[in-house]
$ cat work.pdb   # PDB, C-alpha atoms
ATOM      1  CA  MET A   1      87.667 -31.254  58.567
ATOM      2  CA  ASP A   2      90.591 -29.351  60.078
ATOM      3  CA  THR A   3      88.463 -27.208  62.401
ATOM      4  CA  ASN A   4      89.337 -26.946  66.075
ATOM      5  CA  ASN A   5      85.902 -26.947  67.624
ATOM      6  CA  ASN A   6      82.320 -27.833  66.872
ATOM      7  CA  VAL A   7      81.155 -24.237  66.407
ATOM      8  CA  GLU A   8      83.722 -23.608  63.659
ATOM      9  CA  ALA A   9      82.873 -26.987  62.140
ATOM     10  CA  LEU A  10      79.184 -26.088  62.065
ATOM     11  CA  ASP A  11      79.916 -22.724  60.420
ATOM     12  CA  ASN A  12      82.014 -24.589  57.862
ATOM     13  CA  PHE A  13      79.109 -26.993  57.268
ATOM     14  CA  VAL A  14      76.734 -24.089  56.481
ATOM     15  CA  LEU A  15      79.208 -22.753  53.880
ATOM     16  CA  LYS A  16      79.610 -26.190  52.292
ATOM     17  CA  TYR A  17      75.850 -26.740  52.270
ATOM     18  CA  ASN A  18      75.238 -23.428  50.475
ATOM     19  CA  GLN A  19      77.957 -24.262  47.919
ATOM     20  CA  PHE A  20      76.308 -27.628  47.476
ATOM     21  CA  LYS A  21      72.883 -26.099  46.765
ATOM     22  CA  GLN A  22      74.471 -23.736  44.215
ATOM     23  CA  GLU A  23      76.013 -26.681  42.367
ATOM     24  CA  ILE A  24      72.698 -28.534  42.272
ATOM     25  CA  SER A  25      70.857 -25.422  41.008
ATOM     26  CA  LYS A  26      73.107 -25.464  37.899
ATOM     27  CA  ILE A  27      71.298 -28.631  36.804
ATOM     28  CA  ILE A  28      67.997 -28.735  38.758
ATOM     29  CA  VAL A  29      65.584 -25.831  38.310
ATOM     30  CA  GLY A  30      63.426 -25.001  41.356
ATOM     31  CA  GLN A  31      62.437 -27.816  43.773
ATOM     32  CA  ASP A  32      64.270 -25.974  46.596
ATOM     33  CA  LEU A  33      62.235 -27.547  49.413
ATOM     34  CA  VAL A  34      62.621 -31.029  47.903
ATOM     35  CA  ILE A  35      66.405 -30.606  47.640
ATOM     36  CA  GLU A  36      66.579 -29.354  51.227
ATOM     37  CA  GLN A  37      64.584 -32.329  52.536
ATOM     38  CA  VAL A  38      66.678 -34.873  50.600
ATOM     39  CA  LEU A  39      69.888 -33.313  51.911
ATOM     40  CA  ILE A  40      68.549 -33.267  55.481
ATOM     41  CA  SER A  41      67.859 -37.000  55.210
ATOM     42  CA  ILE A  42      71.409 -37.594  53.930
ATOM     43  CA  PHE A  43      73.118 -35.568  56.662
ATOM     44  CA  SER A  44      70.852 -37.192  59.259
ATOM     45  CA  ASN A  45      71.870 -40.652  57.968
ATOM     46  CA  GLY A  46      68.328 -41.492  56.844
ATOM     47  CA  HIS A  47      66.613 -42.777  53.701
ATOM     48  CA  CYS A  48      64.169 -40.840  51.545
ATOM     49  CA  LEU A  49      61.063 -41.755  49.517
ATOM     50  CA  LEU A  50      60.360 -39.429  46.572
ATOM     51  CA  VAL A  51      56.761 -39.471  45.362
ATOM     52  CA  GLY A  52      55.893 -37.754  42.096
ATOM     53  CA  VAL A  53      54.556 -38.250  38.592
ATOM     54  CA  PRO A  54      57.019 -39.127  35.785
ATOM     55  CA  GLY A  55      59.138 -36.362  34.278
ATOM     56  CA  LEU A  56      59.764 -34.273  37.422
ATOM     57  CA  ALA A  57      63.556 -34.974  37.411
ATOM     58  CA  LYS A  58      63.564 -37.364  40.378
ATOM     59  CA  THR A  59      66.320 -39.501  38.841
ATOM     60  CA  LEU A  60      68.312 -36.472  37.685
ATOM     61  CA  LEU A  61      68.081 -34.940  41.166
ATOM     62  CA  VAL A  62      69.489 -38.058  42.856
ATOM     63  CA  HIS A  63      72.245 -38.407  40.247
ATOM     64  CA  THR A  64      73.233 -34.737  40.607
ATOM     65  CA  ILE A  65      73.367 -35.020  44.418
ATOM     66  CA  SER A  66      75.597 -38.120  44.233
ATOM     67  CA  ASN A  67      77.990 -36.334  41.841
ATOM     68  CA  ALA A  68      78.229 -33.231  44.027
ATOM     69  CA  LEU A  69      78.827 -35.400  47.108
ATOM     70  CA  GLY A  70      81.542 -37.440  45.394
ATOM     71  CA  LEU A  71      79.733 -40.705  46.180
ATOM     72  CA  SER A  72      79.301 -43.894  44.171
ATOM     73  CA  PHE A  73      75.835 -44.176  42.677
ATOM     74  CA  ASN A  74      73.742 -47.040  41.302
ATOM     75  CA  ARG A  75      70.261 -46.944  39.863
ATOM     76  CA  ILE A  76      68.105 -50.054  40.232
ATOM     77  CA  GLN A  77      64.971 -50.183  38.095
ATOM     78  CA  PHE A  78      62.457 -52.183  40.125
ATOM     79  CA  THR A  79      60.289 -54.546  38.053
ATOM     80  CA  PRO A  80      57.861 -57.375  38.925
ATOM     81  CA  ASP A  81      60.424 -60.030  37.917
ATOM     82  CA  LEU A  82      63.331 -58.568  39.944
ATOM     83  CA  MET A  83      64.806 -61.109  42.361
ATOM     84  CA  PRO A  84      66.776 -60.442  45.614
ATOM     85  CA  SER A  85      69.978 -61.786  43.991
ATOM     86  CA  ASP A  86      69.599 -59.153  41.233
ATOM     87  CA  ILE A  87      70.180 -56.370  43.765
ATOM     88  CA  ILE A  88      72.292 -58.086  46.445
ATOM     89  CA  GLY A  89      74.543 -60.168  44.237
ATOM     90  CA  SER A  90      75.108 -63.911  44.009
ATOM     91  CA  GLU A  91      77.744 -66.589  44.367
ATOM     92  CA  ILE A  92      79.344 -67.943  41.197
ATOM     93  CA  LEU A  93      81.818 -70.729  40.567
ATOM     94  CA  ASP A  94      85.199 -69.253  39.606
ATOM     95  CA  GLU A  95      88.005 -70.811  37.510
ATOM     96  CA  SER A  96      89.423 -72.721  40.495
ATOM     97  CA  ARG A  97      85.941 -74.209  41.170
ATOM     98  CA  ASN A  98      85.434 -72.179  44.358
ATOM     99  CA  PHE A  99      82.350 -70.148  45.083
ATOM    100  CA  LYS A 100      82.938 -66.408  44.895
ATOM    101  CA  PHE A 101      80.435 -63.713  45.893
ATOM    102  CA  VAL A 102      79.858 -61.150  43.152
ATOM    103  CA  LYS A 103      78.434 -57.956  44.632
ATOM    104  CA  GLY A 104      75.219 -56.573  43.188
ATOM    105  CA  PRO A 105      74.257 -52.923  42.528
ATOM    106  CA  LEU A 106      73.265 -52.455  46.189
ATOM    107  CA  PHE A 107      76.971 -52.018  47.013
ATOM    108  CA  ALA A 108      77.205 -48.262  46.426
ATOM    109  CA  ASN A 109      76.888 -45.138  48.588
ATOM    110  CA  ILE A 110      73.659 -43.862  47.034
ATOM    111  CA  ILE A 111      71.047 -46.242  45.669
ATOM    112  CA  LEU A 112      68.236 -44.930  43.505
ATOM    113  CA  ALA A 113      65.454 -47.501  43.886
ATOM    114  CA  ASP A 114      63.345 -46.467  40.904
ATOM    115  CA  GLU A 115      59.619 -47.302  41.186
ATOM    116  CA  ILE A 116      60.205 -49.313  44.344
ATOM    117  CA  ASN A 117      56.559 -50.406  44.572
ATOM    118  CA  ARG A 118      56.800 -52.359  41.297
ATOM    119  CA  THR A 119      58.814 -55.202  42.785
ATOM    120  CA  PRO A 120      57.399 -58.130  44.828
ATOM    121  CA  PRO A 121      57.700 -58.312  48.659
ATOM    122  CA  LYS A 122      60.562 -60.861  48.464
ATOM    123  CA  THR A 123      62.861 -58.314  46.816
ATOM    124  CA  GLN A 124      61.540 -55.449  48.942
ATOM    125  CA  SER A 125      62.517 -57.402  52.091
ATOM    126  CA  ALA A 126      66.093 -57.778  50.795
ATOM    127  CA  LEU A 127      66.257 -54.002  50.428
ATOM    128  CA  LEU A 128      64.728 -53.601  53.901
ATOM    129  CA  GLU A 129      67.672 -55.414  55.550
ATOM    130  CA  ALA A 130      70.136 -53.205  53.700
ATOM    131  CA  MET A 131      68.288 -50.048  54.789
ATOM    132  CA  GLN A 132      68.035 -51.044  58.439
ATOM    133  CA  GLU A 133      71.202 -53.055  59.101
ATOM    134  CA  ARG A 134      73.501 -51.464  56.468
ATOM    135  CA  SER A 135      74.424 -55.032  55.484
ATOM    136  CA  VAL A 136      73.215 -57.872  53.247
ATOM    137  CA  THR A 137      73.140 -61.638  53.824
ATOM    138  CA  ASN A 138      73.853 -64.225  51.148
ATOM    139  CA  SER A 139      74.292 -67.986  51.681
ATOM    140  CA  GLY A 140      74.677 -67.461  55.412
ATOM    141  CA  ASN A 141      77.411 -64.819  55.030
ATOM    142  CA  THR A 142      76.891 -61.183  56.024
ATOM    143  CA  TYR A 143      78.497 -58.438  53.937
ATOM    144  CA  ARG A 144      78.750 -54.887  55.269
ATOM    145  CA  LEU A 145      77.761 -52.068  52.931
ATOM    146  CA  GLY A 146      80.076 -49.094  52.453
ATOM    147  CA  GLN A 147      79.516 -45.934  54.474
ATOM    148  CA  PRO A 148      77.768 -43.612  53.980
ATOM    149  CA  PHE A 149      74.795 -45.545  52.551
ATOM    150  CA  PHE A 150      71.467 -44.036  51.471
ATOM    151  CA  VAL A 151      68.445 -45.378  49.659
ATOM    152  CA  LEU A 152      66.536 -42.740  47.725
ATOM    153  CA  ALA A 153      63.450 -44.480  46.368
ATOM    154  CA  THR A 154      60.910 -43.158  43.876
ATOM    155  CA  GLN A 155      57.242 -44.006  43.612
ATOM    156  CA  ASN A 156      54.650 -43.052  40.997
ATOM    157  CA  PRO A 157      51.396 -42.021  42.760
ATOM    158  CA  ILE A 158      49.202 -42.400  39.661
ATOM    159  CA  GLU A 159      49.626 -45.910  38.264
ATOM    160  CA  GLN A 160      48.663 -48.624  40.709
ATOM    161  CA  GLU A 161      48.339 -51.502  38.218
ATOM    162  CA  GLY A 162      51.032 -54.128  38.645
ATOM    163  CA  THR A 163      52.315 -52.607  41.876
ATOM    164  CA  TYR A 164      52.956 -54.062  45.324
ATOM    165  CA  PRO A 165      52.136 -51.523  48.046
ATOM    166  CA  LEU A 166      55.076 -50.996  50.389
ATOM    167  CA  PRO A 167      54.470 -52.645  53.771
ATOM    168  CA  GLU A 168      54.229 -50.326  56.784
ATOM    169  CA  ALA A 169      57.476 -51.779  58.196
ATOM    170  CA  GLN A 170      59.363 -50.697  55.084
ATOM    171  CA  LEU A 171      57.690 -47.297  54.851
ATOM    172  CA  ASP A 172      58.734 -46.675  58.464
ATOM    173  CA  ARG A 173      62.405 -47.122  57.484
ATOM    174  CA  PHE A 174      62.222 -44.047  55.276
ATOM    175  CA  MET A 175      63.008 -40.899  57.219
ATOM    176  CA  PHE A 176      61.178 -38.601  54.778
ATOM    177  CA  ASN A 177      58.316 -39.000  52.347
ATOM    178  CA  VAL A 178      58.966 -36.123  49.940
ATOM    179  CA  VAL A 179      56.245 -35.141  47.463
ATOM    180  CA  LEU A 180      57.390 -33.538  44.201
ATOM    181  CA  ASP A 181      54.937 -31.204  42.524
ATOM    182  CA  TYR A 182      54.832 -29.742  39.017
ATOM    183  CA  PRO A 183      57.153 -26.758  38.412
ATOM    184  CA  SER A 184      55.743 -23.259  38.081
ATOM    185  CA  TYR A 185      55.314 -21.732  34.599
ATOM    186  CA  GLU A 186      58.565 -19.744  34.917
ATOM    187  CA  GLU A 187      60.496 -22.790  36.174
ATOM    188  CA  GLU A 188      59.175 -25.005  33.377
ATOM    189  CA  LEU A 189      60.131 -22.350  30.824
ATOM    190  CA  GLU A 190      63.693 -22.327  32.207
ATOM    191  CA  ILE A 191      63.815 -26.160  32.207
ATOM    192  CA  VAL A 192      62.825 -26.305  28.544
ATOM    193  CA  LYS A 193      65.376 -23.629  27.584
ATOM    194  CA  LYS A 194      68.173 -25.425  29.467
ATOM    195  CA  THR A 195      67.458 -28.903  28.175
ATOM    196  CA  THR A 196      66.745 -28.271  24.495
ATOM    197  CA  ILE A 197      70.160 -26.881  23.573
ATOM    198  CA  ASN A 198      73.283 -28.856  22.797
ATOM    199  CA  GLU A 199      75.087 -28.000  26.038
ATOM    200  CA  HIS A 200      76.288 -30.474  28.650
ATOM    201  CA  LEU A 201      75.964 -29.257  32.227
ATOM    202  CA  ASP A 202      77.767 -30.986  35.067
ATOM    203  CA  SER A 203      78.182 -30.364  38.800
ATOM    204  CA  SER A 204      81.468 -30.214  40.707
ATOM    205  CA  THR A 205      82.250 -32.359  43.719
ATOM    206  CA  ILE A 206      81.833 -30.335  46.931
ATOM    207  CA  MET A 207      82.238 -32.988  49.652
ATOM    208  CA  SER A 208      83.852 -36.380  50.079
ATOM    209  CA  SER A 209      82.380 -39.394  51.870
ATOM    210  CA  ASP A 210      84.655 -38.651  54.864
ATOM    211  CA  ASP A 211      83.242 -35.102  55.043
ATOM    212  CA  ILE A 212      79.681 -36.459  55.051
ATOM    213  CA  LEU A 213      80.435 -38.922  57.861
ATOM    214  CA  ALA A 214      82.101 -36.141  59.864
ATOM    215  CA  TYR A 215      79.142 -33.783  59.358
ATOM    216  CA  GLN A 216      76.685 -36.552  60.316
ATOM    217  CA  ASN A 217      78.626 -37.042  63.544
ATOM    218  CA  LEU A 218      78.730 -33.282  64.155
ATOM    219  CA  ILE A 219      74.958 -32.830  63.642
ATOM    220  CA  SER A 220      74.165 -35.715  66.000
ATOM    221  CA  LYS A 221      76.095 -33.850  68.742
ATOM    222  CA  LEU A 222      73.904 -30.732  68.604
ATOM    223  CA  PRO A 223      72.316 -30.119  72.026
ATOM    224  CA  VAL A 224      68.512 -30.222  72.290
ATOM    225  CA  THR A 225      66.476 -28.649  75.082
ATOM    226  CA  ASP A 226      63.868 -30.659  76.988
ATOM    227  CA  THR A 227      61.160 -28.361  75.590
ATOM    228  CA  VAL A 228      61.993 -29.430  72.019
ATOM    229  CA  PHE A 229      62.168 -33.118  72.991
ATOM    230  CA  GLU A 230      58.763 -32.830  74.685
ATOM    231  CA  TYR A 231      57.234 -30.970  71.732
ATOM    232  CA  ALA A 232      58.414 -33.610  69.211
ATOM    233  CA  VAL A 233      57.226 -36.573  71.293
ATOM    234  CA  ASN A 234      53.927 -34.832  72.118
ATOM    235  CA  LEU A 235      53.356 -34.148  68.412
ATOM    236  CA  VAL A 236      53.903 -37.806  67.489
ATOM    237  CA  THR A 237      51.739 -39.186  70.325
ATOM    238  CA  ARG A 238      48.891 -36.877  69.242
ATOM    239  CA  THR A 239      48.739 -38.760  65.921
ATOM    240  CA  ARG A 240      47.655 -41.966  67.720
ATOM    241  CA  PRO A 241      43.850 -42.291  67.964
ATOM    242  CA  ASN A 242      43.999 -44.276  71.228
ATOM    243  CA  SER A 243      46.377 -41.838  72.933
ATOM    244  CA  ASP A 244      45.109 -39.747  75.861
ATOM    245  CA  ASN A 245      46.183 -36.503  74.199
ATOM    246  CA  ALA A 246      45.054 -37.436  70.656
ATOM    247  CA  ASP A 247      43.725 -34.528  68.619
ATOM    248  CA  PRO A 248      39.944 -34.667  67.855
ATOM    249  CA  SER A 249      40.646 -34.727  64.106
ATOM    250  CA  ILE A 250      42.960 -37.718  64.662
ATOM    251  CA  LYS A 251      40.272 -39.689  66.488
ATOM    252  CA  LYS A 252      37.855 -38.896  63.688
ATOM    253  CA  TYR A 253      40.033 -39.593  60.632
ATOM    254  CA  ILE A 254      43.020 -41.796  61.585
ATOM    255  CA  GLU A 255      43.227 -45.583  61.877
ATOM    256  CA  TRP A 256      46.873 -45.837  63.010
ATOM    257  CA  GLY A 257      49.311 -43.193  64.201
ATOM    258  CA  ALA A 258      53.093 -42.806  64.010
ATOM    259  CA  GLY A 259      55.466 -44.920  66.111
ATOM    260  CA  PRO A 260      58.504 -43.975  68.231
ATOM    261  CA  ARG A 261      60.810 -43.970  65.202
ATOM    262  CA  ALA A 262      58.972 -40.834  64.041
ATOM    263  CA  SER A 263      59.984 -39.070  67.284
ATOM    264  CA  GLN A 264      63.616 -40.082  66.796
ATOM    265  CA  TYR A 265      63.669 -38.901  63.176
ATOM    266  CA  MET A 266      61.886 -35.688  64.164
ATOM    267  CA  ILE A 267      64.711 -34.718  66.527
ATOM    268  CA  MET A 268      67.505 -35.767  64.135
ATOM    269  CA  ALA A 269      65.926 -33.892  61.214
ATOM    270  CA  ALA A 270      65.291 -30.817  63.408
ATOM    271  CA  LYS A 271      69.000 -30.808  64.370
ATOM    272  CA  CYS A 272      70.023 -30.867  60.707
ATOM    273  CA  HIS A 273      67.414 -28.265  59.732
ATOM    274  CA  ALA A 274      68.785 -25.993  62.467
ATOM    275  CA  ALA A 275      72.394 -26.621  61.373
ATOM    276  CA  ILE A 276      71.823 -25.726  57.698
ATOM    277  CA  HIS A 277      70.193 -22.469  58.818
ATOM    278  CA  GLY A 278      73.153 -21.547  61.006
ATOM    279  CA  LYS A 279      71.681 -22.444  64.424
ATOM    280  CA  TYR A 280      73.655 -24.324  67.079
ATOM    281  CA  SER A 281      70.574 -25.953  68.617
ATOM    282  CA  PRO A 282      67.121 -26.787  67.176
ATOM    283  CA  ASP A 283      63.945 -25.097  68.383
ATOM    284  CA  ILE A 284      60.245 -25.871  67.963
ATOM    285  CA  GLU A 285      60.139 -24.101  64.568
ATOM    286  CA  ASN A 286      62.739 -26.564  63.238
ATOM    287  CA  VAL A 287      60.590 -29.488  64.408
ATOM    288  CA  LYS A 288      57.546 -27.992  62.666
ATOM    289  CA  ALA A 289      59.553 -27.545  59.445
ATOM    290  CA  VAL A 290      60.282 -31.271  59.163
ATOM    291  CA  ALA A 291      57.085 -32.705  60.678
ATOM    292  CA  ILE A 292      54.970 -33.203  57.544
ATOM    293  CA  PRO A 293      57.462 -35.257  55.437
ATOM    294  CA  ILE A 294      58.301 -37.377  58.495
ATOM    295  CA  LEU A 295      54.690 -38.095  59.503
ATOM    296  CA  ARG A 296      52.835 -38.330  56.162
ATOM    297  CA  HIS A 297      53.795 -41.975  55.465
ATOM    298  CA  ARG A 298      53.420 -43.137  59.072
ATOM    299  CA  ILE A 299      49.748 -42.244  59.507
ATOM    300  CA  VAL A 300      46.957 -44.426  58.091
ATOM    301  CA  LYS A 301      43.622 -42.782  57.229
ATOM    302  CA  ASN A 302      40.281 -44.462  57.940
ATOM    303  CA  TYR A 303      37.264 -44.800  55.605
ATOM    304  CA  LYS A 304      35.728 -41.536  56.916
ATOM    305  CA  ALA A 305      38.763 -39.494  55.844
ATOM    306  CA  GLU A 306      38.697 -41.186  52.415
ATOM    307  CA  ALA A 307      34.981 -40.477  52.031
ATOM    308  CA  GLU A 308      35.319 -36.804  52.997
ATOM    309  CA  GLY A 309      38.450 -36.262  50.874
ATOM    310  CA  VAL A 310      40.618 -35.250  53.836
ATOM    311  CA  THR A 311      44.349 -35.561  53.119
ATOM    312  CA  ILE A 312      47.097 -36.673  55.495
ATOM    313  CA  ASP A 313      48.884 -33.319  55.042
ATOM    314  CA  GLN A 314      45.742 -31.447  56.121
ATOM    315  CA  ILE A 315      45.447 -33.607  59.262
ATOM    316  CA  ILE A 316      49.122 -33.077  60.198
ATOM    317  CA  SER A 317      48.808 -29.304  59.595
ATOM    318  CA  SER A 318      45.788 -29.200  61.914
ATOM    319  CA  ILE A 319      47.721 -30.764  64.823
ATOM    320  CA  LEU A 320      50.734 -28.525  64.199
TER     321      LEU A 320
END
$ encode --input "work.pdb" --output "C-alpha cells"
Amino acid sequence: MDTNNNVEALDNFVLKYNQFKQEISKIIVGQDLVIEQVLISIFSNGHCLLVGVPGLAKTLLVHTISNALGLSFNRIQFTPDLMPSDIIGSEILDESRNFKFVKGPLFANIILADEINRTPPKTQSALLEAMQERSVTNSGNTYRLGQPFFVLATQNPIEQEGTYPLPEAQLDRFMFNVVLDYPSYEEELEIVKKTTINEHLDSSTIMSSDDILAYQNLISKLPVTDTVFEYAVNLVTRTRPNSDNADPSIKKYIEWGAGPRASQYMIMAAKCHAAIHGKYSPDIENVKAVAIPILRHRIVKNYKAEAEGVTIDQIISSIL
C-alpha cells in the first residue's frame, strides 16, 4: 500500500473490496450478505462458522475467496476418526534417525474445516488452540502459524447423528455465525445454467497476504465514538438474563447471554462494515448490521423458547 495517509488508504480499500466482490460474483451466484459477512470476518482478523444444508456452495465460496485473496488454502474433512495429529502434523524419524516435524494441513492461510461438528472433542481442542493462539503445540514445541490465518468452518444443521456439538468455548472463538439459505428461483436458474456447461470459470487474485494484513491494521485504527461503544456494550449486556438492563424477552427465553468477546467483535466488525461502505468511523447502524451473526451462537435458549418455537434471531431482533 503506497498511500500517504489513512483516508487515501481507506478509499483504496473500498475500491479493492468492490473489485473483490466482482471477482467472487463470477463464480458464486447471489449470497451477497453471506459473502459480505465472511469478508468482514477476514478483514477483522476473525473466524467464521458457516451453517447451511449441503449443496449451497459453502466449500466453493471459501475456495473462491482464498483464490481471489492470493492465500494458501487447505480443506480438512472432519470425521469421527480424525486425530489431532491428522490436522496439526506429527514427528517422524528421518534418514539420519532424527525426529523431524512434518506440518499438517492446518499450516495454511485459510482453513476450511468441513463439517466441524463431526469430529470428537480431542481434535476440536487442537483446532481451538490454533484459532485462539495462532500456533500449535506438538511434543512440547510450539509452532507459529503463518499470517494471516482464518478458520472458516461449515456445519450441517439437519443431520445430528454421529456429531459432537461444539462446546461453547469453541463457538465463542468464531466471530460470525453465518446462516446460508436456499437461493431464489432466479438465482438457482442461473446456477444451473452456469454449472452444466463445459466452461471453466476462475477468479483473479485481487490482494496479497501483505495487503490483507495492512488493511486489517488500517481498519483497527478507525476511530469510534463513545456513543457507539456504549451502544454495543449495552446491546450485549441486555442479552444476559441476570443483567439489570436485560430485556423482558431475554429473561423469559434465554438461559445464558453473550460474553465480553461479543462486545469486542461487535466493535471490530462495525469498523469493517463502515469501512467497506466508505465511512471513516462506524455508527450505530453499522453495529446493528453485524449484531445478529455475532450474537446468534453466543446466546443459549431455555426450554420455554424451545416449546414456543421462538428463534434466537427473533430474540436478537426484538432487542435491536
$ resolve_selection --input "work.pdb" --expression "the PyMOL selection byres ((chain A and resi 87-92) around 8)" --output "PyMOL selection string"
chain A and resi 76+83-86+93-94+99-107+126+136+138
$ residues_around --input "work.pdb" --residues "stretch 22-27 of chain A" --least-positions-apart "3" --cutoff "9 Å" --atoms "only C-alpha atoms" --output "mmCIF file with C-alpha atoms, in the frame of the given file"
data_model
loop_
_atom_site.group_PDB
_atom_site.id
_atom_site.type_symbol
_atom_site.label_atom_id
_atom_site.label_comp_id
_atom_site.auth_asym_id
_atom_site.auth_seq_id
_atom_site.Cartn_x
_atom_site.Cartn_y
_atom_site.Cartn_z
ATOM 1 C CA TYR A 17 75.850 -26.740 52.270
ATOM 2 C CA ASN A 18 75.238 -23.428 50.475
ATOM 3 C CA GLN A 19 77.957 -24.262 47.919
ATOM 4 C CA GLY A 30 63.426 -25.001 41.356
ATOM 5 C CA ASP A 32 64.270 -25.974 46.596
ATOM 6 C CA ILE A 35 66.405 -30.606 47.640
ATOM 7 C CA LEU A 60 68.312 -36.472 37.685
ATOM 8 C CA LEU A 61 68.081 -34.940 41.166
ATOM 9 C CA THR A 64 73.233 -34.737 40.607
ATOM 10 C CA ILE A 65 73.367 -35.020 44.418
ATOM 11 C CA ALA A 68 78.229 -33.231 44.027
ATOM 12 C CA LYS A 194 68.173 -25.425 29.467
ATOM 13 C CA LEU A 201 75.964 -29.257 32.227
ATOM 14 C CA ASP A 202 77.767 -30.986 35.067
ATOM 15 C CA SER A 203 78.182 -30.364 38.800
ATOM 16 C CA SER A 204 81.468 -30.214 40.707
ATOM 17 C CA THR A 205 82.250 -32.359 43.719
ATOM 18 C CA ILE A 206 81.833 -30.335 46.931
#
$ residues_around --input "work.pdb" --residues "stretch 265-275 of chain A" --least-positions-apart "2" --cutoff "8 Å" --atoms "all atoms listed in the file" --output "number ranges by chain"
A: 10, 13-14, 40-41, 43-44, 175, 219-220, 222, 224, 229, 232, 261-263, 277-283, 286-287, 289-291, 294
$ closest_residue --input "work.pdb" --among "A:Tyr231, A:Leu218, A:Ala246, A:Ile312" --to "A:Asp11" --atoms "all atoms listed in the file"
A:Leu218
$ resolve_selection --input "work.pdb" --expression "the PyMOL selection byres ((chain A and resi 142-155) around 6)" --output "list in words"
His47, Cys48, Leu49, Leu50, Val51, Phe107, Asn109, Ile110, Ile111, Leu112, Ala113, Asp114, Glu115, Arg134, Ser135, Val136, Thr137, Asn141 and Asn156 of chain A
$ closest_residue --input "work.pdb" --among "A:Asn242, A:Trp256, A:Val228, A:Ala108" --to "A:Lys288" --atoms "all atoms listed in the file"
A:Val228
$ atom_distance --input "work.pdb" --atom1 "atom CA of A:Arg296" --atom2 "atom CA of A:Glu36"
17.1 Å
$ closest_residue --input "work.pdb" --among "A:Val300, A:Gly55, A:Met207, A:Gly257" --to "A:Pro167" --atoms "only C-alpha atoms"
A:Val300
$ closest_atom_pairs --input "work.pdb" --of "stretch 90-162 of chain A" --to "stretch 78-82 of chain A" --cutoff "8 Å" --atoms "all atoms listed in the file" --output "JSON lines"
{"residue": "A:Ala113", "atom": "CA", "partner": "A:Phe78", "partner_atom": "CA", "distance": 6.7}
{"residue": "A:Asp114", "atom": "CA", "partner": "A:Phe78", "partner_atom": "CA", "distance": 5.8}
{"residue": "A:Glu115", "atom": "CA", "partner": "A:Phe78", "partner_atom": "CA", "distance": 5.7}
{"residue": "A:Ile116", "atom": "CA", "partner": "A:Phe78", "partner_atom": "CA", "distance": 5.6}
{"residue": "A:Asn117", "atom": "CA", "partner": "A:Phe78", "partner_atom": "CA", "distance": 7.6}
{"residue": "A:Arg118", "atom": "CA", "partner": "A:Thr79", "partner_atom": "CA", "distance": 5.2}
{"residue": "A:Thr119", "atom": "CA", "partner": "A:Pro80", "partner_atom": "CA", "distance": 4.5}
{"residue": "A:Pro120", "atom": "CA", "partner": "A:Pro80", "partner_atom": "CA", "distance": 6.0}
{"residue": "A:Thr123", "atom": "CA", "partner": "A:Leu82", "partner_atom": "CA", "distance": 6.9}
{"residue": "A:Gly162", "atom": "CA", "partner": "A:Pro80", "partner_atom": "CA", "distance": 7.6}
$ closest_residue --input "work.pdb" --among "A:Val7, A:Ile284, A:Leu39, A:Ile254" --to "A:Ile316" --atoms "only C-alpha atoms"
A:Ile254
$ atom_distance --input "work.pdb" --atom1 "atom CA of A:Asn234" --atom2 "atom CA of A:Leu171"
21.6 Å
$ resolve_selection --input "work.pdb" --expression "the PyMOL selection byres ((chain A and resi 255) around 12)" --output "list in words"
Thr239, Arg240, Pro241, Asn242, Ser249, Ile250, Lys251, Lys252, Tyr253, Ile254, Trp256, Gly257, Ala258, Arg298, Ile299, Val300, Lys301, Asn302, Tyr303, Lys304, Ala305, Glu306 and Ile312 of chain A
$ closest_residue --input "work.pdb" --among "A:Pro165, A:Lys221, A:Gln37, A:Asn245" --to "A:Ile292" --atoms "only C-alpha atoms"
A:Gln37
$ closest_residue --input "work.pdb" --among "A:Leu180, A:Glu190, A:Asn45, A:Phe20" --to "A:Asn217" --atoms "all atoms listed in the file"
A:Asn45
$ atom_distance --input "work.pdb" --atom1 "atom CA of A:Leu295" --atom2 "atom CA of A:Tyr185"
29.8 Å
$ axis_aligned_box --input "work.pdb" --around "stretch 36-53 of chain A" --padding-each-side "8 Å" --output "JSON"
{"center_x": 63.8, "center_y": -36.1, "center_z": 48.9, "size_x": 34.6, "size_y": 29.4, "size_z": 36.7}
